$ cat coords-v3.cif   # mmCIF, N, CA and C atoms
data_entry
#
loop_
_atom_site.label_atom_id
_atom_site.label_comp_id
_atom_site.auth_asym_id
_atom_site.auth_seq_id
_atom_site.Cartn_x
_atom_site.Cartn_y
_atom_site.Cartn_z
N MET A 1 -0.33 31.46 -9.56
CA MET A 1 0.01 30.13 -10.03
C MET A 1 1.51 29.89 -9.81
N LYS A 2 1.84 28.78 -9.24
CA LYS A 2 3.22 28.43 -8.96
C LYS A 2 3.84 27.76 -10.19
N THR A 3 4.97 28.28 -10.63
CA THR A 3 5.62 27.67 -11.78
C THR A 3 6.76 26.78 -11.31
N LYS A 4 6.91 25.66 -11.99
CA LYS A 4 7.97 24.71 -11.66
C LYS A 4 9.09 24.86 -12.67
N SER A 5 10.28 24.86 -12.17
CA SER A 5 11.40 24.84 -13.10
C SER A 5 11.75 23.39 -13.40
N ILE A 6 12.37 23.18 -14.52
CA ILE A 6 12.76 21.82 -14.91
C ILE A 6 13.75 21.26 -13.92
N LEU A 7 14.66 22.10 -13.43
CA LEU A 7 15.66 21.66 -12.47
C LEU A 7 15.03 21.24 -11.15
N THR A 8 14.05 22.00 -10.68
CA THR A 8 13.36 21.66 -9.44
C THR A 8 12.61 20.34 -9.59
N GLU A 9 11.94 20.16 -10.71
CA GLU A 9 11.21 18.92 -10.95
C GLU A 9 12.17 17.74 -11.04
N ALA A 10 13.32 17.93 -11.67
CA ALA A 10 14.31 16.86 -11.79
C ALA A 10 14.82 16.45 -10.41
N ARG A 11 15.03 17.43 -9.54
CA ARG A 11 15.48 17.12 -8.17
C ARG A 11 14.41 16.35 -7.41
N GLN A 12 13.16 16.73 -7.60
CA GLN A 12 12.06 16.03 -6.94
C GLN A 12 11.97 14.58 -7.41
N ILE A 13 12.15 14.38 -8.71
CA ILE A 13 12.11 13.03 -9.27
C ILE A 13 13.28 12.21 -8.73
N GLU A 14 14.45 12.81 -8.67
CA GLU A 14 15.63 12.12 -8.13
C GLU A 14 15.41 11.71 -6.67
N ARG A 15 14.84 12.62 -5.90
CA ARG A 15 14.54 12.31 -4.49
C ARG A 15 13.53 11.17 -4.39
N ALA A 16 12.50 11.22 -5.23
CA ALA A 16 11.48 10.17 -5.20
C ALA A 16 12.07 8.81 -5.57
N VAL A 17 12.91 8.78 -6.61
CA VAL A 17 13.52 7.52 -7.03
C VAL A 17 14.41 6.96 -5.92
N THR A 18 15.16 7.83 -5.26
CA THR A 18 16.00 7.39 -4.14
C THR A 18 15.16 6.77 -3.04
N LEU A 19 14.08 7.44 -2.68
CA LEU A 19 13.20 6.91 -1.63
C LEU A 19 12.58 5.57 -2.04
N ILE A 20 12.19 5.46 -3.29
CA ILE A 20 11.61 4.21 -3.79
C ILE A 20 12.63 3.08 -3.69
N LYS A 21 13.86 3.37 -4.09
CA LYS A 21 14.93 2.36 -4.01
C LYS A 21 15.20 1.93 -2.58
N LEU A 22 14.99 2.85 -1.64
CA LEU A 22 15.18 2.52 -0.23
C LEU A 22 13.98 1.77 0.36
N GLY A 23 12.94 1.62 -0.43
CA GLY A 23 11.77 0.86 0.03
C GLY A 23 10.67 1.68 0.66
N ALA A 24 10.67 2.98 0.45
CA ALA A 24 9.64 3.84 1.03
C ALA A 24 8.29 3.57 0.38
N ARG A 25 7.26 3.67 1.17
CA ARG A 25 5.90 3.51 0.65
C ARG A 25 5.49 4.76 -0.11
N LEU A 26 4.49 4.59 -0.95
CA LEU A 26 4.01 5.68 -1.80
C LEU A 26 3.62 6.91 -0.99
N GLN A 27 2.94 6.72 0.12
CA GLN A 27 2.48 7.84 0.93
C GLN A 27 3.65 8.64 1.49
N VAL A 28 4.73 7.96 1.84
CA VAL A 28 5.91 8.64 2.36
C VAL A 28 6.56 9.48 1.26
N VAL A 29 6.71 8.88 0.07
CA VAL A 29 7.31 9.60 -1.05
C VAL A 29 6.45 10.80 -1.43
N GLU A 30 5.15 10.62 -1.39
CA GLU A 30 4.23 11.71 -1.72
C GLU A 30 4.36 12.87 -0.73
N SER A 31 4.55 12.54 0.54
CA SER A 31 4.67 13.60 1.54
C SER A 31 6.03 14.30 1.49
N GLU A 32 7.04 13.62 0.97
CA GLU A 32 8.39 14.19 0.92
C GLU A 32 8.70 14.92 -0.38
N THR A 33 7.83 14.82 -1.36
CA THR A 33 8.05 15.49 -2.64
C THR A 33 6.81 16.28 -3.03
N ASP A 34 6.95 17.10 -4.05
CA ASP A 34 5.81 17.87 -4.56
C ASP A 34 5.25 17.26 -5.84
N LEU A 35 5.61 16.01 -6.11
CA LEU A 35 5.16 15.35 -7.34
C LEU A 35 3.73 14.86 -7.18
N SER A 36 3.02 14.79 -8.29
CA SER A 36 1.63 14.33 -8.24
C SER A 36 1.57 12.83 -7.98
N TYR A 37 0.43 12.41 -7.49
CA TYR A 37 0.20 11.00 -7.20
C TYR A 37 0.39 10.15 -8.47
N GLU A 38 -0.13 10.64 -9.58
CA GLU A 38 -0.02 9.90 -10.84
C GLU A 38 1.43 9.77 -11.28
N ARG A 39 2.21 10.84 -11.12
CA ARG A 39 3.63 10.81 -11.48
C ARG A 39 4.38 9.79 -10.62
N LEU A 40 4.05 9.76 -9.33
CA LEU A 40 4.70 8.82 -8.42
C LEU A 40 4.34 7.38 -8.77
N LEU A 41 3.09 7.14 -9.15
CA LEU A 41 2.70 5.79 -9.55
C LEU A 41 3.51 5.32 -10.75
N ARG A 42 3.72 6.22 -11.70
CA ARG A 42 4.53 5.86 -12.87
C ARG A 42 5.97 5.56 -12.47
N LEU A 43 6.51 6.33 -11.54
CA LEU A 43 7.87 6.07 -11.07
C LEU A 43 7.97 4.72 -10.37
N TYR A 44 6.97 4.38 -9.56
CA TYR A 44 6.96 3.08 -8.88
C TYR A 44 6.91 1.94 -9.90
N LYS A 45 6.10 2.09 -10.92
CA LYS A 45 5.98 1.04 -11.93
C LYS A 45 7.26 0.87 -12.73
N GLU A 46 8.00 1.96 -12.95
CA GLU A 46 9.24 1.90 -13.71
C GLU A 46 10.42 1.41 -12.87
N SER A 47 10.31 1.52 -11.58
CA SER A 47 11.43 1.20 -10.70
C SER A 47 11.59 -0.31 -10.51
N PRO A 48 12.81 -0.83 -10.74
CA PRO A 48 13.05 -2.25 -10.49
C PRO A 48 12.93 -2.59 -9.00
N ALA A 49 13.16 -1.61 -8.14
CA ALA A 49 13.07 -1.86 -6.70
C ALA A 49 11.65 -2.23 -6.28
N SER A 50 10.65 -1.71 -6.99
CA SER A 50 9.27 -2.01 -6.63
C SER A 50 8.86 -3.41 -7.09
N ARG A 51 9.67 -4.02 -7.92
CA ARG A 51 9.35 -5.36 -8.42
C ARG A 51 9.98 -6.47 -7.59
N ARG A 52 10.70 -6.06 -6.54
CA ARG A 52 11.33 -7.08 -5.70
C ARG A 52 10.27 -7.98 -5.09
N ALA A 53 10.63 -9.22 -4.90
CA ALA A 53 9.70 -10.16 -4.28
C ALA A 53 9.52 -9.78 -2.82
N ARG A 54 8.31 -9.76 -2.40
CA ARG A 54 8.03 -9.45 -1.01
C ARG A 54 8.36 -10.67 -0.16
N ALA A 55 8.89 -10.43 1.01
CA ALA A 55 9.22 -11.53 1.91
C ALA A 55 7.92 -12.13 2.44
N SER A 56 7.84 -13.42 2.40
CA SER A 56 6.64 -14.07 2.90
C SER A 56 6.84 -14.44 4.36
N CYS A 57 5.74 -14.60 5.03
CA CYS A 57 5.80 -14.99 6.44
C CYS A 57 6.28 -16.42 6.53
N PRO A 58 7.03 -16.72 7.56
CA PRO A 58 7.48 -18.11 7.71
C PRO A 58 6.27 -19.02 7.95
N SER A 59 6.33 -20.17 7.36
CA SER A 59 5.21 -21.10 7.53
C SER A 59 5.35 -21.84 8.85
N ARG A 60 4.22 -22.28 9.33
CA ARG A 60 4.22 -23.05 10.58
C ARG A 60 4.75 -24.45 10.31
N PRO A 61 5.49 -24.98 11.25
CA PRO A 61 5.92 -26.37 11.07
C PRO A 61 4.71 -27.29 11.21
N THR A 62 4.62 -28.27 10.34
CA THR A 62 3.49 -29.21 10.39
C THR A 62 3.94 -30.48 11.10
N GLY A 63 3.19 -30.82 12.11
CA GLY A 63 3.49 -32.06 12.83
C GLY A 63 4.77 -31.98 13.64
N SER A 64 5.07 -33.07 14.33
CA SER A 64 6.29 -33.11 15.13
C SER A 64 7.17 -34.23 14.74
#
$ encode --input "coords-v3.cif" --output "structure tokens"
Amino acid sequence: MKTKSILTEARQIERAVTLIKLGARLQVVESETDLSYERLLRLYKESPASRRARASCPSRPTGS
């Protein structure tokens, strides 16, 4: 059984938060850290960066 130290887990969380702030998708953060999917979901929900408004596609001009 692999034991996690608190320091190692803290570093993983810090890395995940940094990636989330940079706009990384969940799958990317999951592949770059050893954190569980559930833990990452909680981090995404807590992060203000994940609440940013998504850019919408430009609308088509109507008529001429």
$ closest_residue --input "coords-v3.cif" --among "A:Leu35, A:Gly23, A:Pro48, A:Arg42" --to "Arg11 in chain A" --atoms "only C-alpha atoms"
A:Leu35
$ resolve_selection --input "coords-v3.cif" --expression "the PyMOL selection byres ((chain A and resi 15-19) around 8)" --output "ChimeraX atom specification"
/A:9-14,20-25,28-30,32-33,40,43-44,47
$ write_last_selection --input "coords-v3.cif" --atoms "N, CA and C atoms" --output "PDB file, in the coordinates of the input"
ATOM      1  N   GLU A   9      11.940  20.160 -10.710  1.00  0.00           N
ATOM      2  CA  GLU A   9      11.210  18.920 -10.950  1.00  0.00           C
ATOM      3  C   GLU A   9      12.170  17.740 -11.040  1.00  0.00           C
ATOM      4  N   ALA A  10      13.320  17.930 -11.670  1.00  0.00           N
ATOM      5  CA  ALA A  10      14.310  16.860 -11.790  1.00  0.00           C
ATOM      6  C   ALA A  10      14.820  16.450 -10.410  1.00  0.00           C
ATOM      7  N   ARG A  11      15.030  17.430  -9.540  1.00  0.00           N
ATOM      8  CA  ARG A  11      15.480  17.120  -8.170  1.00  0.00           C
ATOM      9  C   ARG A  11      14.410  16.350  -7.410  1.00  0.00           C
ATOM     10  N   GLN A  12      13.160  16.730  -7.600  1.00  0.00           N
ATOM     11  CA  GLN A  12      12.060  16.030  -6.940  1.00  0.00           C
ATOM     12  C   GLN A  12      11.970  14.580  -7.410  1.00  0.00           C
ATOM     13  N   ILE A  13      12.150  14.380  -8.710  1.00  0.00           N
ATOM     14  CA  ILE A  13      12.110  13.030  -9.270  1.00  0.00           C
ATOM     15  C   ILE A  13      13.280  12.210  -8.730  1.00  0.00           C
ATOM     16  N   GLU A  14      14.450  12.810  -8.670  1.00  0.00           N
ATOM     17  CA  GLU A  14      15.630  12.120  -8.130  1.00  0.00           C
ATOM     18  C   GLU A  14      15.410  11.710  -6.670  1.00  0.00           C
ATOM     19  N   ILE A  20      12.190   5.460  -3.290  1.00  0.00           N
ATOM     20  CA  ILE A  20      11.610   4.210  -3.790  1.00  0.00           C
ATOM     21  C   ILE A  20      12.630   3.080  -3.690  1.00  0.00           C
ATOM     22  N   LYS A  21      13.860   3.370  -4.090  1.00  0.00           N
ATOM     23  CA  LYS A  21      14.930   2.360  -4.010  1.00  0.00           C
ATOM     24  C   LYS A  21      15.200   1.930  -2.580  1.00  0.00           C
ATOM     25  N   LEU A  22      14.990   2.850  -1.640  1.00  0.00           N
ATOM     26  CA  LEU A  22      15.180   2.520  -0.230  1.00  0.00           C
ATOM     27  C   LEU A  22      13.980   1.770   0.360  1.00  0.00           C
ATOM     28  N   GLY A  23      12.940   1.620  -0.430  1.00  0.00           N
ATOM     29  CA  GLY A  23      11.770   0.860   0.030  1.00  0.00           C
ATOM     30  C   GLY A  23      10.670   1.680   0.660  1.00  0.00           C
ATOM     31  N   ALA A  24      10.670   2.980   0.450  1.00  0.00           N
ATOM     32  CA  ALA A  24       9.640   3.840   1.030  1.00  0.00           C
ATOM     33  C   ALA A  24       8.290   3.570   0.380  1.00  0.00           C
ATOM     34  N   ARG A  25       7.260   3.670   1.170  1.00  0.00           N
ATOM     35  CA  ARG A  25       5.900   3.510   0.650  1.00  0.00           C
ATOM     36  C   ARG A  25       5.490   4.760  -0.110  1.00  0.00           C
ATOM     37  N   VAL A  28       4.730   7.960   1.840  1.00  0.00           N
ATOM     38  CA  VAL A  28       5.910   8.640   2.360  1.00  0.00           C
ATOM     39  C   VAL A  28       6.560   9.480   1.260  1.00  0.00           C
ATOM     40  N   VAL A  29       6.710   8.880   0.070  1.00  0.00           N
ATOM     41  CA  VAL A  29       7.310   9.600  -1.050  1.00  0.00           C
ATOM     42  C   VAL A  29       6.450  10.800  -1.430  1.00  0.00           C
ATOM     43  N   GLU A  30       5.150  10.620  -1.390  1.00  0.00           N
ATOM     44  CA  GLU A  30       4.230  11.710  -1.720  1.00  0.00           C
ATOM     45  C   GLU A  30       4.360  12.870  -0.730  1.00  0.00           C
ATOM     46  N   GLU A  32       7.040  13.620   0.970  1.00  0.00           N
ATOM     47  CA  GLU A  32       8.390  14.190   0.920  1.00  0.00           C
ATOM     48  C   GLU A  32       8.700  14.920  -0.380  1.00  0.00           C
ATOM     49  N   THR A  33       7.830  14.820  -1.360  1.00  0.00           N
ATOM     50  CA  THR A  33       8.050  15.490  -2.640  1.00  0.00           C
ATOM     51  C   THR A  33       6.810  16.280  -3.030  1.00  0.00           C
ATOM     52  N   LEU A  40       4.050   9.760  -9.330  1.00  0.00           N
ATOM     53  CA  LEU A  40       4.700   8.820  -8.420  1.00  0.00           C
ATOM     54  C   LEU A  40       4.340   7.380  -8.770  1.00  0.00           C
ATOM     55  N   LEU A  43       6.510   6.330 -11.540  1.00  0.00           N
ATOM     56  CA  LEU A  43       7.870   6.070 -11.070  1.00  0.00           C
ATOM     57  C   LEU A  43       7.970   4.720 -10.370  1.00  0.00           C
ATOM     58  N   TYR A  44       6.970   4.380  -9.560  1.00  0.00           N
ATOM     59  CA  TYR A  44       6.960   3.080  -8.880  1.00  0.00           C
ATOM     60  C   TYR A  44       6.910   1.940  -9.900  1.00  0.00           C
ATOM     61  N   SER A  47      10.310   1.520 -11.580  1.00  0.00           N
ATOM     62  CA  SER A  47      11.430   1.200 -10.700  1.00  0.00           C
ATOM     63  C   SER A  47      11.590  -0.310 -10.510  1.00  0.00           C
TER      64      SER A  47
END
$ atom_distance --input "coords-v3.cif" --atom1 "atom C of Lys4 in chain A" --atom2 "atom C of Ser36 in chain A"
14.9 Å
$ atom_distance --input "coords-v3.cif" --atom1 "atom C of Leu26 in chain A" --atom2 "CA of Leu41 in chain A"
8.7 Å
$ atom_distance --input "coords-v3.cif" --atom1 "CA of Glu46 in chain A" --atom2 "CA of Gln27 in chain A"
17.2 Å
$ axis_aligned_box --input "coords-v3.cif" --around "range 17-20 of chain A" --padding-each-side "6 Å" --output "JSON"
{"center_x": 13.8, "center_y": 5.9, "center_z": -4.3, "size_x": 16.4, "size_y": 17.7, "size_z": 17.4}
$ decode --input "coords-v3.cif" --residues "range 14-29 of chain A" --atoms "all heavy atoms" --output "JSON list (two decimals), in the first residue's frame"
[["chain", "number", "residue", "atom", "x", "y", "z"],
["A", 14, "GLU", "N", -1.59, 21.99, -4.89],
["A", 14, "GLU", "CA", -1.08, 23.27, -5.41],
["A", 14, "GLU", "C", -0.91, 23.21, -6.93],
["A", 14, "GLU", "O", -1.28, 24.13, -7.65],
["A", 14, "GLU", "CB", 0.25, 23.60, -4.74],
["A", 14, "GLU", "CG", 0.78, 24.96, -5.08],
["A", 14, "GLU", "CD", 2.06, 25.29, -4.34],
["A", 14, "GLU", "OE1", 2.45, 24.54, -3.43],
["A", 14, "GLU", "OE2", 2.67, 26.31, -4.69],
["A", 15, "ARG", "N", -0.37, 22.09, -7.42],
["A", 15, "ARG", "CA", -0.21, 21.92, -8.87],
["A", 15, "ARG", "C", -1.56, 21.91, -9.56],
["A", 15, "ARG", "O", -1.75, 22.53, -10.61],
["A", 15, "ARG", "CB", 0.53, 20.62, -9.16],
["A", 15, "ARG", "CG", 0.63, 20.32, -10.64],
["A", 15, "ARG", "CD", 1.30, 19.03, -10.91],
["A", 15, "ARG", "NE", 2.74, 19.24, -10.79],
["A", 15, "ARG", "CZ", 3.63, 18.28, -10.89],
["A", 15, "ARG", "NH1", 3.25, 17.03, -11.07],
["A", 15, "ARG", "NH2", 4.91, 18.54, -10.80],
["A", 16, "ALA", "N", -2.52, 21.20, -8.98],
["A", 16, "ALA", "CA", -3.86, 21.13, -9.57],
["A", 16, "ALA", "C", -4.52, 22.51, -9.63],
["A", 16, "ALA", "O", -5.10, 22.88, -10.64],
["A", 16, "ALA", "CB", -4.73, 20.16, -8.78],
["A", 17, "VAL", "N", -4.42, 23.26, -8.54],
["A", 17, "VAL", "CA", -5.02, 24.60, -8.50],
["A", 17, "VAL", "C", -4.37, 25.50, -9.55],
["A", 17, "VAL", "O", -5.06, 26.26, -10.24],
["A", 17, "VAL", "CB", -4.90, 25.20, -7.08],
["A", 17, "VAL", "CG1", -5.28, 26.67, -7.07],
["A", 17, "VAL", "CG2", -5.78, 24.43, -6.11],
["A", 18, "THR", "N", -3.06, 25.41, -9.70],
["A", 18, "THR", "CA", -2.37, 26.21, -10.71],
["A", 18, "THR", "C", -2.88, 25.86, -12.11],
["A", 18, "THR", "O", -3.16, 26.75, -12.92],
["A", 18, "THR", "CB", -0.85, 25.98, -10.62],
["A", 18, "THR", "OG1", -0.40, 26.36, -9.33],
["A", 18, "THR", "CG2", -0.12, 26.80, -11.67],
["A", 19, "LEU", "N", -2.99, 24.58, -12.39],
["A", 19, "LEU", "CA", -3.49, 24.15, -13.70],
["A", 19, "LEU", "C", -4.92, 24.62, -13.94],
["A", 19, "LEU", "O", -5.28, 25.05, -15.04],
["A", 19, "LEU", "CB", -3.39, 22.63, -13.84],
["A", 19, "LEU", "CG", -1.97, 22.08, -13.96],
["A", 19, "LEU", "CD1", -1.98, 20.55, -13.82],
["A", 19, "LEU", "CD2", -1.34, 22.48, -15.28],
["A", 20, "ILE", "N", -5.75, 24.54, -12.91],
["A", 20, "ILE", "CA", -7.14, 24.99, -13.03],
["A", 20, "ILE", "C", -7.18, 26.48, -13.33],
["A", 20, "ILE", "O", -7.93, 26.93, -14.20],
["A", 20, "ILE", "CB", -7.93, 24.64, -11.75],
["A", 20, "ILE", "CG1", -8.10, 23.13, -11.62],
["A", 20, "ILE", "CG2", -9.29, 25.34, -11.74],
["A", 20, "ILE", "CD1", -8.60, 22.67, -10.27],
["A", 21, "LYS", "N", -6.36, 27.26, -12.64],
["A", 21, "LYS", "CA", -6.32, 28.70, -12.88],
["A", 21, "LYS", "C", -5.85, 29.03, -14.29],
["A", 21, "LYS", "O", -6.25, 30.03, -14.86],
["A", 21, "LYS", "CB", -5.39, 29.38, -11.88],
["A", 21, "LYS", "CG", -5.97, 29.48, -10.50],
["A", 21, "LYS", "CD", -5.01, 30.16, -9.55],
["A", 21, "LYS", "CE", -5.60, 30.26, -8.15],
["A", 21, "LYS", "NZ", -4.64, 30.88, -7.21],
["A", 22, "LEU", "N", -5.01, 28.16, -14.85],
["A", 22, "LEU", "CA", -4.55, 28.36, -16.22],
["A", 22, "LEU", "C", -5.57, 27.89, -17.26],
["A", 22, "LEU", "O", -5.36, 28.06, -18.45],
["A", 22, "LEU", "CB", -3.23, 27.63, -16.44],
["A", 22, "LEU", "CG", -2.03, 28.21, -15.69],
["A", 22, "LEU", "CD1", -0.83, 27.29, -15.82],
["A", 22, "LEU", "CD2", -1.71, 29.60, -16.22],
["A", 23, "GLY", "N", -6.65, 27.30, -16.79],
["A", 23, "GLY", "CA", -7.72, 26.89, -17.70],
["A", 23, "GLY", "C", -7.64, 25.45, -18.18],
["A", 23, "GLY", "O", -8.31, 25.09, -19.15],
["A", 24, "ALA", "N", -6.87, 24.63, -17.51],
["A", 24, "ALA", "CA", -6.73, 23.23, -17.93],
["A", 24, "ALA", "C", -8.03, 22.47, -17.67],
["A", 24, "ALA", "O", -8.74, 22.73, -16.70],
["A", 24, "ALA", "CB", -5.60, 22.56, -17.17],
["A", 25, "ARG", "N", -8.32, 21.55, -18.55],
["A", 25, "ARG", "CA", -9.49, 20.70, -18.39],
["A", 25, "ARG", "C", -9.24, 19.66, -17.31],
["A", 25, "ARG", "O", -8.10, 19.34, -16.98],
["A", 25, "ARG", "CB", -9.84, 20.01, -19.70],
["A", 25, "ARG", "CG", -10.29, 21.00, -20.77],
["A", 25, "ARG", "CD", -10.61, 20.25, -22.03],
["A", 25, "ARG", "NE", -11.03, 21.16, -23.07],
["A", 25, "ARG", "CZ", -12.30, 21.37, -23.39],
["A", 25, "ARG", "NH1", -13.25, 20.72, -22.76],
["A", 25, "ARG", "NH2", -12.62, 22.20, -24.34],
["A", 26, "LEU", "N", -10.32, 19.12, -16.80],
["A", 26, "LEU", "CA", -10.25, 18.15, -15.71],
["A", 26, "LEU", "C", -9.38, 16.95, -16.08],
["A", 26, "LEU", "O", -8.58, 16.49, -15.26],
["A", 26, "LEU", "CB", -11.66, 17.70, -15.34],
["A", 26, "LEU", "CG", -11.78, 16.67, -14.23],
["A", 26, "LEU", "CD1", -11.25, 17.24, -12.92],
["A", 26, "LEU", "CD2", -13.21, 16.24, -14.06],
["A", 27, "GLN", "N", -9.49, 16.45, -17.28],
["A", 27, "GLN", "CA", -8.73, 15.27, -17.69],
["A", 27, "GLN", "C", -7.23, 15.56, -17.69],
["A", 27, "GLN", "O", -6.43, 14.69, -17.35],
["A", 27, "GLN", "CB", -9.17, 14.80, -19.08],
["A", 27, "GLN", "CG", -10.56, 14.25, -19.07],
["A", 27, "GLN", "CD", -11.34, 14.63, -20.32],
["A", 27, "GLN", "OE1", -11.03, 15.63, -20.96],
["A", 27, "GLN", "NE2", -12.35, 13.85, -20.64],
["A", 28, "VAL", "N", -6.85, 16.77, -18.06],
["A", 28, "VAL", "CA", -5.44, 17.14, -18.06],
["A", 28, "VAL", "C", -4.91, 17.19, -16.63],
["A", 28, "VAL", "O", -3.85, 16.65, -16.32],
["A", 28, "VAL", "CB", -5.22, 18.50, -18.77],
["A", 28, "VAL", "CG1", -3.78, 18.97, -18.63],
["A", 28, "VAL", "CG2", -5.62, 18.41, -20.22],
["A", 29, "VAL", "N", -5.68, 17.83, -15.74],
["A", 29, "VAL", "CA", -5.26, 17.94, -14.35],
["A", 29, "VAL", "C", -5.17, 16.54, -13.72],
["A", 29, "VAL", "O", -4.25, 16.24, -12.98],
["A", 29, "VAL", "CB", -6.23, 18.85, -13.55],
["A", 29, "VAL", "CG1", -5.79, 18.95, -12.10],
["A", 29, "VAL", "CG2", -6.30, 20.23, -14.17]]
